[in-house]
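Novice: This is coords32.cif, which holds mmCIF, C-alpha atoms:
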data_target
loop_
_atom_site.label_atom_id
_atom_site.label_comp_id
_atom_site.auth_asym_id
_atom_site.auth_seq_id
_atom_site.Cartn_x
_atom_site.Cartn_y
_atom_site.Cartn_z
CA MET A 26 0.00 0.00 0.00
CA ILE A 27 2.80 2.45 0.88
CA ASP A 28 4.53 1.88 -2.46
CA ASP A 29 1.29 2.60 -4.31
CA LEU A 30 0.60 5.94 -2.64
CA ALA A 31 1.03 8.68 -5.20
CA SER A 32 0.08 12.01 -3.74
CA ARG A 33 1.43 15.48 -4.31
CA GLY A 34 4.67 15.85 -2.37
CA ALA A 35 4.62 12.21 -1.28
CA MET A 36 7.32 11.05 1.13
CA HIS A 37 6.61 7.40 1.91
CA PHE A 38 8.78 4.61 3.23
CA ALA A 39 8.16 1.00 4.27
CA PHE A 40 10.62 -0.84 6.54
CA GLU A 41 10.72 -4.58 5.92
CA ASP A 42 12.48 -7.44 7.68
CA ASP A 43 12.60 -10.76 5.81
CA GLU A 44 9.97 -9.41 3.41
CA GLN A 45 7.62 -8.65 6.32
CA LEU A 46 6.39 -5.09 6.80
CA VAL A 47 7.50 -4.04 10.29
CA GLY A 48 7.10 -0.28 10.08
CA TYR A 49 6.35 2.64 7.80
CA PHE A 50 5.89 6.35 7.58
CA TYR A 51 4.08 8.52 5.13
CA ALA A 52 4.18 12.25 4.86
CA GLN A 53 3.52 15.08 2.47
CA ASN A 54 5.96 17.82 1.47
CA ILE A 55 4.28 21.00 0.32
CA VAL A 56 6.77 23.74 -0.58
CA GLY A 57 9.32 22.84 2.11
CA GLU A 58 6.84 22.21 4.90
CA VAL A 59 6.32 18.52 5.62
CA THR A 60 3.40 17.01 7.49
CA LEU A 61 4.01 13.57 8.97
CA LEU A 62 0.65 11.91 8.43
CA ASN A 63 1.40 8.52 9.96
CA ILE A 64 4.24 6.47 11.39
CA ALA A 65 3.70 2.96 12.69
CA VAL A 66 5.56 -0.13 13.89
CA ALA A 67 4.04 -3.62 13.95
CA PRO A 68 2.92 -4.41 17.53
CA GLU A 69 5.19 -7.45 17.80
CA LYS A 70 8.20 -5.31 16.78
CA GLN A 71 7.57 -2.38 19.12
CA GLY A 72 10.19 -1.64 21.75
CA GLN A 73 13.07 -2.73 19.47
CA GLY A 74 14.16 0.72 18.27
CA ILE A 75 12.40 0.56 14.92
CA GLY A 76 10.32 3.66 15.65
CA THR A 77 13.50 5.57 16.49
CA GLN A 78 15.14 4.38 13.27
CA LEU A 79 12.07 5.39 11.27
CA ILE A 80 11.79 8.89 12.73
CA GLU A 81 15.53 9.50 12.38
CA SER A 82 15.45 8.31 8.75
CA PHE A 83 12.42 10.48 8.12
CA ILE A 84 14.17 13.57 9.50
CA GLU A 85 17.30 12.80 7.44
CA LEU A 86 15.16 12.46 4.31
CA CYS A 87 13.50 15.80 5.02
CA GLU A 88 16.82 17.53 5.61
CA SER A 89 18.29 16.06 2.40
CA GLN A 90 15.38 17.65 0.51
CA ASP A 91 15.97 21.08 2.10
CA VAL A 92 12.74 20.96 4.07
CA GLU A 93 12.26 23.94 6.39
CA SER A 94 9.98 22.37 8.99
CA ILE A 95 8.15 19.17 9.89
CA TRP A 96 4.72 19.14 11.53
CA LEU A 97 2.65 16.39 13.11
CA GLU A 98 -0.15 15.84 15.54
CA VAL A 99 -0.46 13.11 18.13
CA ARG A 100 -3.17 12.03 20.56
CA ASP A 101 -2.70 13.34 24.08
CA SER A 102 -2.98 9.76 25.37
CA ASN A 103 -0.18 8.46 23.11
CA LYS A 104 2.71 9.06 25.51
CA THR A 105 4.98 6.56 23.73
CA ALA A 106 4.76 8.49 20.45
CA GLN A 107 5.19 11.81 22.23
CA THR A 108 8.40 10.54 23.85
CA LEU A 109 9.66 9.30 20.47
CA TYR A 110 9.04 12.71 18.89
CA LEU A 111 10.49 14.71 21.80
CA ASN A 112 13.63 12.53 21.82
CA ALA A 113 14.00 13.16 18.07
CA GLY A 114 13.94 16.93 18.61
CA PHE A 115 10.29 17.84 18.06
CA ASN A 116 8.65 20.48 20.24
CA GLU A 117 5.04 20.84 21.33
CA VAL A 118 3.70 24.05 19.82
CA ASP A 119 -0.07 23.91 20.32
CA ARG A 120 -3.13 21.77 21.06
CA ARG A 121 -6.39 21.07 19.32
CA THR A 122 -8.84 20.69 22.16
CA ASN A 123 -11.25 17.75 21.93
CA TYR A 124 -9.99 16.91 18.44
CA TYR A 125 -9.98 13.09 18.45
CA PRO A 126 -13.05 10.98 19.25
CA THR A 127 -12.63 8.28 21.90
CA ALA A 128 -14.90 5.62 23.35
CA SER A 129 -15.56 7.83 26.37
CA GLY A 130 -15.70 11.23 24.65
CA ARG A 131 -12.92 13.23 23.03
CA GLU A 132 -9.23 13.95 23.58
CA ASP A 133 -6.78 16.65 22.57
CA ALA A 134 -4.38 16.54 19.65
CA ILE A 135 -0.90 17.80 20.44
CA ILE A 136 0.69 19.67 17.54
CA MET A 137 4.47 19.28 17.33
CA SER A 138 7.10 20.69 15.00
CA TYR A 139 10.74 20.16 14.10
CA LEU A 140 12.81 22.90 12.48
CA CYS A 141 15.26 21.50 9.97
CA LEU A 142 18.77 22.90 9.67
#
Written as structure tokens, how would this file's structure read?
Specialist:
Amino acid sequence: MIDDLASRGAMHFAFEDDEQLVGYFYAQNIVGEVTLLNIAVAPEKQGQGIGTQLIESFIELCESQDVESIWLEVRDSNKTAQTLYLNAGFNEVDRRTNYYPTASGREDAIIMSYLCL
């Protein structure tokens, strides 16, 4: 599916191990501003550093393409992802209150950014 995505400014990557998809990211680059739309690691592969490798590779790809900034949003409850992004150099810049639906109501989206060098 990742290989077939063909959108304007597409920046997609699938990480495979023994021909098994273990992680991916997809993003969109619009005039030097990239939005990370999704990054994921297979549940059985989580905790093995694959997420860190993916986010670092993603940032390197962005910097090699002279991207100015990277933006993303993450659920307030997703502390694992927030830690991954903070450790990679992202900063929280804002919140979208009650943005995501949940089983018990709604939760905030945290907006984060990374300024490329």
Novice: Just to confirm, what's the straight-line distance from CA of Gln45 (chain A) to CA of Ala65 (chain A) in Å (one decimal)?
Specialist: 13.8 Å
Novice: Between CA of Thr108 (chain A) and CA of Thr60 (chain A), what is the distance in Å, rounded to a tenth?
Specialist: 18.3 Å
Novice: Counting all atoms listed in the file, which of A:Tyr124, A:Tyr49, A:Phe83, A:Tyr139 gets nearest to Leu97 (chain A)?
Specialist: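 The answer is A:Tyr139, which sits nearest to Leu97 (chain A).
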Novice: The PyMOL selection byres ((chain A and resi 46) around 12) - which residues does that actually catch in the file I just gave you? List them as a list in words.
Specialist: Met26, Ile27, Asp28, Phe38, Ala39, Phe40, Glu41, Asp42, Asp43, Glu44, Gln45, Val47, Gly48, Tyr49, Phe50, Ala65, Val66, Ala67, Pro68, Glu69, Lys70 and Ile75 of chain A
Novice: Give me the residues within 7 Å of Leu140 (chain A) as a list in words, counting all atoms listed in the file and dropping any in the same chain fewer than 6 places off.
Specialist: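 Listing them by chain and then by number gives Glu93, Ser94 and Ile95 of chain A.
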Novice: To one decimal place in Å, what is the distance between CA of Gln73 (chain A) and CA of Lys104 (chain A)?
Specialist: 16.8 Å
Novice: Might you spell out which residues the PyMOL selection byres ((chain A and resi 61) around 7) would select in the displayed file, as a PyMOL selection string?
Specialist: chain A and resi 51-53+59-60+62-63+96-97
Novice: Apply the PyMOL selection byres ((chain A and resi 107) around 12) to the structure shown and report the selected residues as number ranges by chain.
Specialist: A: 76-77, 80, 97-106, 108-117, 134-138
Novice: Which of these residues is nearest to Asp91 (chain A), using all atoms listed in the file: A:Leu142, A:Asp119, A:Tyr125, A:Glu132?
Specialist: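 Checking each candidate against Asp91 (chain A), we get A:Leu142 as the closest.
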Novice: Choose the residue, out of A:Asn54, A:Asn123, A:Gly130, A:Gln71, that has the smallest atom-to-atom separation from Leu86 (chain A); count only C-alpha atoms.
Specialist: A:Asn54
